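Coordinates as given in final-v4.txt (compact mmCIF, C-alpha atoms):
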# COMPACT_ATOMS: atom_id res chain seq x y z
CA MET A 33 0.00 0.00 0.00
CA ASP A 34 1.18 3.54 -0.81
CA ALA A 35 2.84 5.12 2.26
CA ASP A 36 0.73 8.27 1.92
CA VAL A 37 -2.44 6.19 1.88
CA MET A 38 -1.41 4.42 5.07
CA VAL A 39 -0.76 7.76 6.80
CA TYR A 40 -4.09 9.20 5.67
CA GLU A 41 -5.96 6.08 6.79
CA GLN A 42 -4.32 6.31 10.22
CA GLN A 43 -5.33 9.97 10.44
CA LEU A 44 -8.99 9.05 9.96
CA ASN A 45 -9.04 8.28 13.71
CA HIS A 46 -6.98 11.32 14.73
CA ASP A 47 -8.14 13.22 17.83
CA ASP A 48 -8.72 16.38 15.77
CA VAL A 49 -11.84 16.29 13.60
CA SER A 50 -10.33 18.69 11.06
CA VAL A 51 -7.37 16.32 10.57
CA ARG A 52 -9.77 13.41 10.12
CA LEU A 53 -11.82 15.18 7.47
CA GLU A 54 -8.72 16.45 5.64
CA ALA A 55 -7.35 12.90 5.53
CA LEU A 56 -10.61 11.71 3.97
CA ARG A 57 -10.39 14.48 1.34
CA ALA A 58 -6.86 13.33 0.53
CA LEU A 59 -7.98 9.70 0.20
CA MET A 60 -10.89 10.63 -2.04
CA GLN A 61 -8.49 12.66 -4.18
CA LYS A 62 -6.39 9.52 -4.62
CA VAL A 63 -9.54 7.65 -5.65
CA GLN A 64 -10.25 10.36 -8.25
CA GLU A 65 -6.68 10.12 -9.54
CA GLY A 66 -6.87 6.34 -9.80
CA GLU A 67 -4.25 5.66 -7.12
CA ILE A 68 -6.90 3.93 -4.99
CA GLU A 69 -9.24 1.55 -6.76
CA ARG A 70 -12.83 2.72 -6.78
CA PRO A 71 -15.01 0.13 -5.00
CA LEU A 72 -17.85 -1.59 -6.75
CA GLN A 73 -21.12 -0.08 -5.59
CA GLY A 74 -24.47 -1.86 -5.64
CA ASP A 75 -27.58 -1.03 -3.61
CA ASP A 76 -26.21 -1.87 -0.15
CA VAL A 77 -27.23 0.36 2.77
CA ASN A 78 -26.66 0.45 6.54
CA ASN A 79 -28.49 2.72 8.99
CA HIS A 80 -26.92 1.61 12.28
CA ILE A 81 -23.20 2.43 12.48
CA HIS A 82 -21.68 3.22 15.87
CA THR A 83 -18.68 5.51 16.10
CA THR A 84 -16.14 6.58 18.71
CA TYR A 85 -18.83 8.86 20.15
CA SER A 86 -20.31 5.75 21.74
CA PHE A 87 -18.14 2.65 21.23
CA SER A 88 -16.50 1.68 17.96
CA PRO A 89 -13.09 1.33 16.29
CA TYR A 90 -14.17 4.09 13.91
CA SER A 91 -14.46 7.85 14.14
CA PRO A 92 -17.42 9.24 12.16
CA THR A 93 -15.00 10.03 9.32
CA LYS A 94 -13.41 6.59 9.37
CA ALA A 95 -16.86 4.99 9.51
CA ILE A 96 -17.73 6.78 6.28
CA TRP A 97 -14.46 5.67 4.68
CA MET A 98 -15.14 2.06 5.71
CA ALA A 99 -18.68 2.37 4.35
CA TYR A 100 -17.35 3.79 1.09
CA ARG A 101 -14.71 1.05 0.74
CA ALA A 102 -17.39 -1.57 1.38
CA GLY A 103 -19.45 -0.16 -1.51
CA LEU A 104 -22.34 1.17 0.55
CA LYS A 105 -24.72 3.58 -1.15
CA THR A 106 -25.87 5.09 2.14
CA ALA A 107 -24.69 5.11 5.75
CA GLY A 108 -26.37 6.03 9.03
CA ILE A 109 -24.77 7.04 12.32
CA MET A 110 -26.39 5.57 15.45
CA ASP A 111 -24.50 6.22 18.69
CA HIS A 112 -25.68 5.44 22.21
CA ASP A 113 -27.11 8.51 23.99
CA SER A 114 -25.06 10.81 21.76
CA ILE A 115 -25.44 12.69 18.50
CA SER A 116 -22.12 14.52 18.84
CA GLY A 117 -20.59 12.74 15.84
CA ALA A 118 -23.45 13.56 13.48
CA ARG A 119 -22.17 16.78 11.88
CA GLU A 120 -18.78 15.20 11.18
CA PHE A 121 -20.50 12.10 9.78
CA MET A 122 -22.61 14.19 7.40
CA GLU A 123 -19.63 16.23 6.21
CA ALA A 124 -17.60 13.07 5.67
CA GLY A 125 -20.50 11.61 3.71
CA GLN A 126 -20.49 14.65 1.42
CA ILE A 127 -16.74 14.28 0.87
CA ALA A 128 -17.07 10.59 0.01
CA GLY A 129 -20.28 10.99 -1.99
CA ILE A 130 -22.33 8.76 0.33
CA ALA A 131 -25.87 9.69 1.34
CA THR A 132 -26.21 9.79 5.13
CA THR A 133 -28.80 9.64 7.87
CA ILE A 134 -28.34 10.55 11.52
CA GLY A 135 -29.85 9.10 14.66
CA VAL A 136 -29.41 8.15 18.31
CA GLU A 137 -29.88 4.84 20.09
CA CYS A 138 -30.95 4.90 23.71
CA ARG A 139 -32.44 2.72 26.43
CA ALA A 140 -35.99 3.56 27.40
CA ASP A 141 -37.85 2.54 30.54
CA PHE A 142 -41.00 0.51 29.83
CA SER A 143 -41.83 0.03 33.53
CA ASN A 144 -45.02 2.05 33.18
CA THR A 145 -46.32 -0.12 30.35
CA PRO A 146 -47.68 -3.70 30.11
CA LEU A 147 -44.09 -4.80 29.36
CA LYS A 148 -42.97 -4.15 32.94
CA GLY A 149 -40.89 -7.02 34.28
CA ARG A 150 -40.27 -8.59 30.87
CA ARG A 151 -36.95 -9.24 29.15
CA ILE A 152 -37.48 -7.01 26.11
CA ASN A 153 -34.38 -6.50 23.93
CA ASN A 154 -31.84 -5.72 26.64
CA PRO A 155 -29.64 -8.70 27.69
CA ASP A 156 -28.74 -7.11 31.01
CA GLN A 157 -31.98 -5.75 32.45
CA LYS A 158 -35.72 -6.33 32.36
CA SER A 159 -38.27 -3.56 31.62
CA ILE A 160 -35.61 -1.58 29.69
CA ALA A 161 -35.49 -1.60 25.89
CA TYR A 162 -33.22 -0.19 23.22
CA VAL A 163 -34.96 2.18 20.83
CA ALA A 164 -33.61 4.11 17.84
CA ILE A 165 -34.43 7.70 16.95
CA HIS A 166 -33.91 7.82 13.18
CA GLY A 167 -34.00 10.61 10.63
CA ILE A 168 -33.23 13.47 13.02
CA PRO A 169 -33.61 16.86 11.30
CA HIS A 170 -30.21 18.54 11.13
CA ASN A 171 -31.40 21.71 12.85
CA GLN A 172 -32.49 19.63 15.87
CA ILE A 173 -29.05 18.25 16.76
CA ASP A 174 -28.49 20.66 19.64
CA ASN A 175 -31.93 19.89 21.10
CA VAL A 176 -31.10 16.17 21.06
CA LYS A 177 -27.75 16.86 22.77
CA ALA A 178 -29.53 18.85 25.48
CA PHE A 179 -32.07 16.07 26.04
CA PHE A 180 -29.45 13.38 26.60
CA ALA A 181 -26.91 15.42 28.61
CA PRO A 182 -28.42 14.74 32.07
CA TYR A 183 -28.90 11.04 31.27
CA VAL A 184 -25.26 10.67 30.21
CA LYS A 185 -24.21 12.32 33.48
CA GLU A 186 -26.24 9.78 35.45
CA ARG A 187 -24.83 6.96 33.36
CA ASN A 188 -21.28 7.94 34.28
CA LYS A 189 -22.12 7.74 37.98
CA ARG A 190 -23.20 4.14 37.44
CA ASN A 191 -20.18 3.45 35.21
CA ALA A 192 -17.87 4.46 38.07
CA LEU A 193 -19.74 2.18 40.48
CA MET A 194 -19.45 -0.73 38.03
CA VAL A 195 -15.70 -0.15 37.78
CA ASP A 196 -15.60 -0.56 41.58
CA ARG A 197 -17.38 -3.91 41.22
CA ILE A 198 -14.98 -5.01 38.48
CA ASN A 199 -12.10 -4.17 40.80
CA GLU A 200 -13.61 -6.34 43.55
CA ILE A 201 -13.73 -9.29 41.13
CA PHE A 202 -10.16 -8.83 39.88
CA LYS A 203 -8.46 -7.75 43.10
CA PRO A 204 -7.19 -11.30 43.81
CA TYR A 205 -5.43 -11.28 40.45
CA GLY A 206 -3.70 -7.92 40.80
CA VAL A 207 -5.77 -6.21 38.11
CA ARG A 208 -7.27 -2.80 38.83
CA LEU A 209 -9.11 -0.19 36.73
CA SER A 210 -9.45 3.53 37.25
CA PHE A 211 -12.60 5.04 35.75
CA GLU A 212 -10.96 8.44 35.27
CA ASP A 213 -7.54 7.24 34.10
CA ASP A 214 -8.30 4.02 32.19
CA VAL A 215 -11.90 4.29 30.95
CA VAL A 216 -12.64 7.97 30.28
CA PRO A 217 -9.61 8.43 27.95
CA LEU A 218 -10.98 5.66 25.70
CA SER A 219 -14.11 7.72 25.07
CA LYS A 220 -15.16 10.98 23.46
CA SER A 221 -16.97 12.07 26.62
CA HIS A 222 -15.15 15.43 26.57
CA GLU A 223 -16.82 16.06 23.19
CA GLY A 224 -20.30 14.90 24.15
CA GLY A 225 -19.76 11.20 23.55
CA SER A 226 -21.13 8.51 25.85
CA ILE A 227 -19.36 5.87 27.94
CA THR A 228 -20.87 2.40 27.77
CA GLU A 229 -20.25 -1.01 29.31
CA ARG A 230 -18.10 -1.73 26.27
CA HIS A 231 -15.67 1.01 27.30
CA LEU A 232 -15.32 -0.60 30.72
CA LEU A 233 -14.72 -4.00 29.16
CA TYR A 234 -12.23 -2.67 26.60
CA ALA A 235 -10.24 -1.00 29.39
CA LEU A 236 -10.35 -4.30 31.29
CA SER A 237 -9.24 -6.18 28.17
CA LEU A 238 -6.17 -3.96 27.88
CA LYS A 239 -5.31 -4.63 31.54
CA LEU A 240 -5.74 -8.39 31.14
CA VAL A 241 -3.53 -8.50 28.05
CA ALA A 242 -0.89 -6.48 29.90
CA LYS A 243 -1.08 -8.92 32.84
CA PHE A 244 -1.35 -12.30 31.09
CA GLY A 245 -0.26 -11.65 27.52
CA LYS A 246 -2.13 -12.95 24.49
CA GLY A 247 -2.80 -16.63 23.93
CA GLN A 248 -3.46 -19.80 25.89
CA THR A 249 -2.41 -18.40 29.29
CA LEU A 250 -5.14 -15.77 29.12
CA VAL A 251 -7.68 -18.29 27.82
CA ASP A 252 -6.86 -20.59 30.76
CA PHE A 253 -7.32 -17.68 33.17
CA LEU A 254 -10.69 -16.77 31.70
CA MET A 255 -11.99 -20.34 31.76
CA ASN A 256 -10.37 -21.82 34.85
CA GLU A 257 -10.08 -18.85 37.20
CA LEU A 258 -13.06 -16.73 36.13
CA GLY A 259 -15.17 -19.67 34.99
CA LEU A 260 -16.25 -18.02 31.75
CA GLN A 261 -18.02 -20.18 29.17
CA LEU A 262 -16.17 -19.12 26.03
CA ASN A 263 -17.78 -19.46 22.64
CA PRO A 264 -15.49 -21.96 20.78
CA ARG A 265 -15.04 -19.53 17.89
CA VAL A 266 -14.05 -16.71 20.25
CA ALA A 267 -11.76 -19.01 22.25
CA GLY A 268 -9.96 -19.77 18.99
CA TYR A 269 -9.48 -16.07 18.35
CA LEU A 270 -8.05 -15.59 21.84
CA ARG A 271 -5.56 -18.44 21.46
CA ASP A 272 -4.08 -16.62 18.47
CA ALA A 273 -1.51 -14.18 19.82
CA ASP A 274 -1.16 -12.63 16.36
CA ASN A 275 -4.88 -11.79 16.15
CA ARG A 276 -5.03 -8.08 15.24
CA PHE A 277 -8.51 -7.75 16.75
CA TYR A 278 -7.48 -9.40 20.01
CA GLU A 279 -8.75 -6.81 22.50
CA TYR A 280 -12.10 -6.53 20.70
CA ASP A 281 -12.52 -10.31 20.72
CA LEU A 282 -11.63 -10.38 24.41
CA LEU A 283 -14.20 -7.63 25.02
CA GLY A 284 -16.82 -9.78 23.27
CA ALA A 285 -15.99 -12.77 25.44
CA LEU A 286 -16.21 -10.69 28.62
CA LYS A 287 -19.46 -9.04 27.54
CA SER A 288 -21.11 -12.38 26.90
CA ASP A 289 -20.41 -13.89 30.32
CA LEU A 290 -18.88 -11.45 32.82
CA VAL A 291 -21.32 -8.52 32.73
CA PRO A 292 -23.93 -10.07 35.09
CA ARG A 293 -21.28 -10.21 37.83
CA PHE A 294 -20.70 -6.45 37.94
CA TYR A 295 -23.79 -4.99 36.25
CA ILE A 296 -25.82 -2.43 38.18
CA ASP A 297 -29.35 -1.77 36.96
CA ALA A 298 -29.73 1.45 34.98
CA THR A 299 -32.44 3.65 36.47
CA LEU A 300 -32.08 7.44 36.38
CA GLU A 301 -30.14 7.30 33.10
CA CYS A 302 -33.05 5.70 31.21
CA PRO A 303 -35.86 8.10 30.27
CA ASP A 304 -39.42 6.86 30.46
CA VAL A 305 -40.39 5.62 27.02
CA ARG A 306 -43.10 8.27 26.77
CA GLU A 307 -40.46 10.98 27.13
CA VAL A 308 -38.58 9.49 24.19
CA VAL A 309 -41.79 9.34 22.14
CA GLU A 310 -42.40 13.01 22.96
CA LEU A 311 -38.82 13.94 22.03
CA ALA A 312 -39.12 12.23 18.63
CA ARG A 313 -42.44 13.95 17.99
CA ASN A 314 -41.16 17.38 19.01
CA ILE A 315 -38.06 17.24 16.82
CA GLY A 316 -39.76 15.61 13.82
CA ALA A 317 -37.73 12.38 13.97
CA ILE A 318 -38.80 8.76 13.38
CA LEU A 319 -38.89 6.61 16.51
CA ALA A 320 -38.20 2.91 15.97
CA TYR A 321 -38.29 -0.10 18.26
CA ALA A 322 -35.12 -2.18 17.79
CA TYR A 323 -36.17 -5.82 17.37
CA LEU A 324 -33.61 -8.30 18.71
CA GLY A 325 -35.43 -11.64 18.82
CA ASP A 326 -34.39 -14.77 20.66
CA VAL A 327 -30.63 -15.34 20.33
CA GLY A 328 -29.06 -18.68 19.48
CA ASP A 329 -25.44 -18.46 18.28
CA SER A 330 -24.53 -14.76 18.54
CA VAL A 331 -23.19 -13.34 15.28
CA THR A 332 -20.78 -11.01 17.10
CA GLY A 333 -19.89 -13.43 19.89
CA ASP A 334 -20.93 -10.95 22.59
CA LYS A 335 -24.41 -12.32 23.35
CA LYS A 336 -25.18 -15.60 25.03
CA SER A 337 -28.16 -17.74 24.03
CA GLN A 338 -31.15 -15.98 25.53
CA LYS A 339 -34.87 -15.43 24.99
CA PHE A 340 -36.19 -11.96 24.31
CA GLU A 341 -39.41 -10.68 22.66
CA ASP A 342 -40.53 -13.61 20.52
CA ASP A 343 -42.83 -15.22 23.10
CA TYR A 344 -44.95 -12.06 23.44
CA LEU A 345 -44.31 -10.28 20.15
CA GLU A 346 -47.94 -9.44 19.46
CA LEU A 347 -48.25 -7.70 22.85
CA LEU A 348 -45.02 -5.78 22.17
CA PHE A 349 -46.40 -4.46 18.88
CA GLU A 350 -49.65 -3.46 20.55
CA VAL A 351 -47.75 -1.52 23.22
CA ILE A 352 -45.39 0.36 20.89
CA SER A 353 -48.30 1.15 18.58
CA GLN A 354 -50.30 2.65 21.44
CA LEU A 355 -47.25 4.60 22.64
CA GLY A 356 -46.83 6.27 19.27
CA PHE A 357 -43.78 4.58 17.71
CA HIS A 358 -43.42 5.06 13.96
CA ALA A 359 -41.16 2.18 12.99
CA VAL A 360 -39.40 -1.07 13.76
CA THR A 361 -35.74 -1.59 12.94
CA TYR A 362 -34.21 -5.04 12.56
CA MET A 363 -30.98 -6.69 11.41
CA PRO A 364 -31.52 -9.41 8.80
CA SER A 365 -28.18 -11.11 9.52
CA ARG A 366 -29.04 -11.70 13.20
CA ASN A 367 -32.34 -13.54 12.89
CA THR A 368 -33.87 -16.47 11.07
CA LEU A 369 -36.05 -15.85 8.06
CA GLN A 370 -38.96 -17.27 10.05
CA GLN A 371 -38.43 -14.69 12.81
CA LEU A 372 -38.22 -11.81 10.35
CA LYS A 373 -41.24 -12.85 8.31
CA ARG A 374 -43.23 -12.74 11.53
CA VAL A 375 -41.86 -9.28 12.34
CA LYS A 376 -42.60 -8.03 8.83
CA ALA A 377 -46.17 -9.32 9.02
CA LEU A 378 -46.74 -7.54 12.33
CA CYS A 379 -45.22 -4.34 10.95
CA GLU A 380 -47.70 -4.45 8.09
CA LYS A 381 -50.57 -5.21 10.46
CA TYR A 382 -49.75 -2.26 12.72
CA GLY A 383 -48.60 0.12 9.98
CA PHE A 384 -44.98 0.39 11.08
CA PHE A 385 -42.25 1.73 8.82
CA GLN A 386 -39.53 -0.95 8.51
CA ILE A 387 -35.89 0.12 8.81
CA SER A 388 -32.73 -1.95 8.57
CA GLY A 389 -29.42 -1.52 10.33
CA GLU A 390 -26.42 -3.73 10.99
CA ASP A 391 -25.09 -2.80 14.44
CA ILE A 392 -21.45 -1.91 13.68
CA ASN A 393 -19.19 -1.57 16.74
CA SER A 394 -16.43 -4.14 16.20
CA PRO A 395 -13.68 -4.47 13.55
CA ARG A 396 -14.77 -7.99 12.63
CA GLN A 397 -18.16 -6.83 11.42
CA SER A 398 -18.87 -6.25 7.76
CA PHE A 399 -20.49 -2.95 6.83
CA VAL A 400 -22.47 -4.83 4.19
CA CYS A 401 -25.41 -7.04 5.09
CA THR A 402 -25.66 -9.45 2.15
CA HIS A 403 -29.08 -10.56 3.42
CA LEU A 404 -30.45 -7.23 2.18
CA ARG A 405 -29.81 -8.45 -1.36
CA ASN A 406 -32.52 -11.04 -0.80
CA GLU A 407 -35.74 -10.03 -2.57
CA GLU A 408 -37.49 -10.57 0.78
CA PHE A 409 -35.76 -7.45 2.13
CA LYS A 410 -35.85 -5.14 -0.89
CA ASN A 411 -38.31 -3.00 1.08
CA LEU A 412 -35.51 -2.10 3.50
CA ILE A 413 -33.45 -0.49 0.73
CA ASP A 414 -36.46 1.56 -0.40
CA ALA A 415 -37.08 2.49 3.23
CA THR A 416 -33.52 3.79 3.61
CA TRP A 417 -33.95 6.20 0.72
CA ALA A 418 -37.30 7.25 2.17
CA LEU A 419 -35.54 7.89 5.49
CA ILE A 420 -33.02 10.12 3.72
CA GLY A 421 -35.88 11.94 1.98
CA HIS A 422 -37.64 12.41 5.30
CA GLU A 423 -34.48 13.88 6.85
CA LYS A 424 -34.10 16.34 4.00
CA MET A 425 -37.69 17.52 4.19
CA ALA A 426 -37.97 17.62 7.99
CA THR A 427 -34.77 19.68 8.15
CA ARG A 428 -36.34 22.12 5.70
CA ASP A 429 -39.69 22.18 7.50
CA ILE A 430 -40.60 19.97 10.49
CA ASN A 431 -44.17 19.77 9.15
CA LYS A 432 -42.90 18.11 5.96
CA GLY A 433 -41.50 15.07 7.75
CA MET A 434 -42.75 11.64 6.79
CA PHE A 435 -44.82 11.19 9.96
CA SER A 436 -45.94 14.76 10.59
CA PRO A 437 -49.72 14.97 11.17
CA ASP A 438 -50.27 16.99 8.00
CA ILE A 439 -48.35 14.59 5.75
CA VAL A 440 -50.03 11.53 7.30
CA ARG A 441 -53.43 13.15 6.76
CA ARG A 442 -52.64 13.93 3.12
CA TYR A 443 -50.93 10.61 2.39
CA PRO A 444 -52.41 8.05 4.81
CA ASP A 445 -51.06 5.06 2.89
CA LEU A 446 -47.57 4.28 4.27
CA ASN A 447 -46.39 2.65 1.04
CA GLU A 448 -47.34 5.74 -0.95
CA ARG A 449 -45.45 7.91 1.53
CA ILE A 450 -42.39 5.65 1.30
CA ASP A 451 -42.42 5.99 -2.48
CA ILE A 452 -42.73 9.80 -2.31
CA TYR A 453 -39.90 10.21 0.20
CA LYS A 454 -37.74 7.61 -1.53
CA ARG A 455 -37.78 9.74 -4.70
CA ILE A 456 -36.85 12.80 -2.64
CA GLY A 457 -34.03 10.87 -0.97
CA GLN A 458 -32.66 9.74 -4.32
CA GLY A 459 -32.81 13.28 -5.69
CA LEU A 460 -35.50 12.44 -8.24
CA ASP A 461 -37.98 14.88 -6.67
CA ASP A 462 -37.27 18.16 -4.87
CA GLY A 463 -40.24 17.77 -2.52
CA SER A 464 -41.74 21.09 -3.53
CA LYS A 465 -45.21 19.53 -3.94
CA LEU A 466 -45.38 18.38 -0.32
Could you write out this structure as structure tokens?
Amino acid sequence: MDADVMVYEQQLNHDDVSVRLEALRALMQKVQEGEIERPLQGDDVNNHIHTTYSFSPYSPTKAIWMAYRAGLKTAGIMDHDSISGAREFMEAGQIAGIATTIGVECRADFSNTPLKGRRINNPDQKSIAYVAIHGIPHNQIDNVKAFFAPYVKERNKRNALMVDRINEIFKPYGVRLSFEDDVVPLSKSHEGGSITERHLLYALSLKLVAKFGKGQTLVDFLMNELGLQLNPRVAGYLRDADNRFYEYDLLGALKSDLVPRFYIDATLECPDVREVVELARNIGAILAYAYLGDVGDSVTGDKKSQKFEDDYLELLFEVISQLGFHAVTYMPSRNTLQQLKRVKALCEKYGFFQISGEDINSPRQSFVCTHLRNEEFKNLIDATWALIGHEKMATRDINKGMFSPDIVRRYPDLNERIDIYKRIGQGLDDGSKL
């Protein structure tokens, strides 16, 4: 690889956003000049890419570069409790010529609904569910930041307490974490990013590698001393001392089996679901429930086999419909076709917009979901362009968003609306008739 290209690619994760964006401009210039091969581009899309503003190997700029190199037509940022990477993501998308959408993922409290006490889509806690706020109008970014700021502050109080619990577990082995010195520097919290359990586990992974090295000695410690049940695939990764994704694979192993030992229930940092519904309505965004479904063999190796919403899926759809959700988002690579056909049927029954997104937060994950090329999921590609069209129009005028009362009254048929906003998203219609 050209030495300049290597330098520019390294700079995509630089601490300074201006350096990151300039490096992307330089790389795209090399593409234009033929020094970097232009990737083949089909119809692939992804609306659920995490960045360093929650937890990810990729800055917003690098995420766009990875999306471009993978041949994606569109890319969507989706960080936990943070939208601080959105403006950079959009600018990077313009540089690379990739259409973008922006959103936030958060945990909402369903305790005051019929789902109280149920395991919804959160492996760690009952009554709490992950939801995704998609298609946020660009002039509402600061309002979203303000909404989440107090919740992020509360989350960091709990993060510090969980570090204390981790230290209790690892004290006999001479391993100790400092929240301020070991965890916070791994995050973008000083720029409005969030700190998640993954940050804690990544910091712990670095400490464990420093203590035990990479390879069989660490695997033996995890299995024999900590009693972790390692996924055979992940155990194989951890035996390989030359594995370039070692710390991320170790994080996945710890997340799958260690979290219950130090996890503290999230309370004050999780807004009531009705507050999230109201936020989405007020800013003209599209609120989606994130379907997980019962897990067998986890694709990313960071989830154990566990039951989630499938046993009461009809009730779930009734509840989110009554609450005022607009959409359901799901990941075709993570579920069986039987599971997803059931979800699709319920979406049609309840009139939910269907959105796709492959949850990118690890270097082993592909930005492309080949399942979307299946004719069964063609609707998800159309929906992505409609989402982009919605974002354009709602930024221009909040009353022109896809789910604004006026637009729903004028175009009550969801499929007709999808087609209208898809054309706007693809630049085939300027939206002036709306």
>> So the first atom is CA of Asn256 in chain A and the second is CA of Asp326 in chain A; what is the distance between them in Å, to one decimal place?
In response: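 Distance between the two atoms: 28.8 Å.
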> Could you pull the residues within 10 Å of range 68-70 of chain A, counting all atoms listed in the file, minus those fewer than 6 positions along the same chain, as a ChimeraX atom specification?
Replying inline: /A:33-34,37,59-62,100-101,103
>> Neighbouring residues of Arg405 in chain A were defined as those with any atom within 12 Å, considering all atoms listed in the file; residues of the same chain fewer than 3 positions away were excluded. Please report them as a list in words.
In response: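 Non-adjacent residues within range: Gly74, Asp75, Asp76, Val77, Pro364, Ser365, Val400, Cys401, Thr402, Glu408, Phe409, Lys410, Asn411, Leu412 and Ile413 of chain A.
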> Hey, which of A:Leu147, A:Ser398, A:Tyr205, A:Lys177 ends up closest to Leu345 in chain A? Count all atoms listed in the file.
Replying inline: A:Leu147
>> To one decimal place in Å, what is the distance between CA of Leu283 in chain A and CA of Phe211 in chain A?
In response: 16.7 Å
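One finds CA of Ile165 in chain A at 11.3 Å from CA of Glu310 in chain A.
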> Near Pro169 in chain A, counting all atoms listed in the file, which residues have an atom at most 7 Å away, once you skip same-chain residues fewer than 6 positions from it, shown as a VMD selection string?
Replying inline: chain A and resid 316 to 317 423 426 to 427
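Considering the residues A:Arg441, A:Gln248, A:Ala161, A:Asn154 and counting only C-alpha atoms, Val327 in chain A has its shortest atom-to-atom contact with A:Asn154.
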> Which residue gives the smallest distance to Asp252 in chain A among A:Val216, A:Ala267, A:Leu300, A:Ile109, with all atoms listed in the file counted?
Replying inline: A:Ala267
Determine, counting all atoms listed in the file, which protein, DNA and RNA residues have an atom within 10 Å of an atom of range 277-280 of chain A; residues of the same chain fewer than 2 positions away are not included. Present the result as a tab-separated table (two decimals) with C-alpha atoms, in the coordinates of the input.
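What landed in out-v5.tsv:
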chain	number	residue	atom	x	y	z
A	88	SER	CA	-16.50	1.68	17.96
A	89	PRO	CA	-13.09	1.33	16.29
A	230	ARG	CA	-18.10	-1.73	26.27
A	233	LEU	CA	-14.72	-4.00	29.16
A	234	TYR	CA	-12.23	-2.67	26.60
A	235	ALA	CA	-10.24	-1.00	29.39
A	236	LEU	CA	-10.35	-4.30	31.29
A	237	SER	CA	-9.24	-6.18	28.17
A	238	LEU	CA	-6.17	-3.96	27.88
A	239	LYS	CA	-5.31	-4.63	31.54
A	240	LEU	CA	-5.74	-8.39	31.14
A	241	VAL	CA	-3.53	-8.50	28.05
A	246	LYS	CA	-2.13	-12.95	24.49
A	247	GLY	CA	-2.80	-16.63	23.93
A	266	VAL	CA	-14.05	-16.71	20.25
A	269	TYR	CA	-9.48	-16.07	18.35
A	270	LEU	CA	-8.05	-15.59	21.84
A	271	ARG	CA	-5.56	-18.44	21.46
A	272	ASP	CA	-4.08	-16.62	18.47
A	273	ALA	CA	-1.51	-14.18	19.82
A	274	ASP	CA	-1.16	-12.63	16.36
A	275	ASN	CA	-4.88	-11.79	16.15
A	282	LEU	CA	-11.63	-10.38	24.41
A	283	LEU	CA	-14.20	-7.63	25.02
A	284	GLY	CA	-16.82	-9.78	23.27
A	285	ALA	CA	-15.99	-12.77	25.44
A	286	LEU	CA	-16.21	-10.69	28.62
A	393	ASN	CA	-19.19	-1.57	16.74
A	394	SER	CA	-16.43	-4.14	16.20
A	395	PRO	CA	-13.68	-4.47	13.55
A	396	ARG	CA	-14.77	-7.99	12.63
>> Need the shell around His46 in chain A: protein/DNA/RNA residues with any atom at most 12 Å away, counting only C-alpha atoms. Skip same-chain ones fewer than 2 positions apart. Format as a list in words?
In response: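 Listing them by chain and then by number gives Val39, Tyr40, Glu41, Gln42, Gln43, Leu44, Asp48, Val49, Ser50, Val51, Arg52, Leu53, Glu54, Ala55, Leu56, Thr84, Pro89, Tyr90, Ser91, Pro92, Thr93, Lys94 and Lys220 of chain A.
Distance check against Arg139 in chain A using all atoms listed in the file: of A:Arg187, A:Arg428, A:His170, A:Lys105, the minimum falls on A:Arg187.
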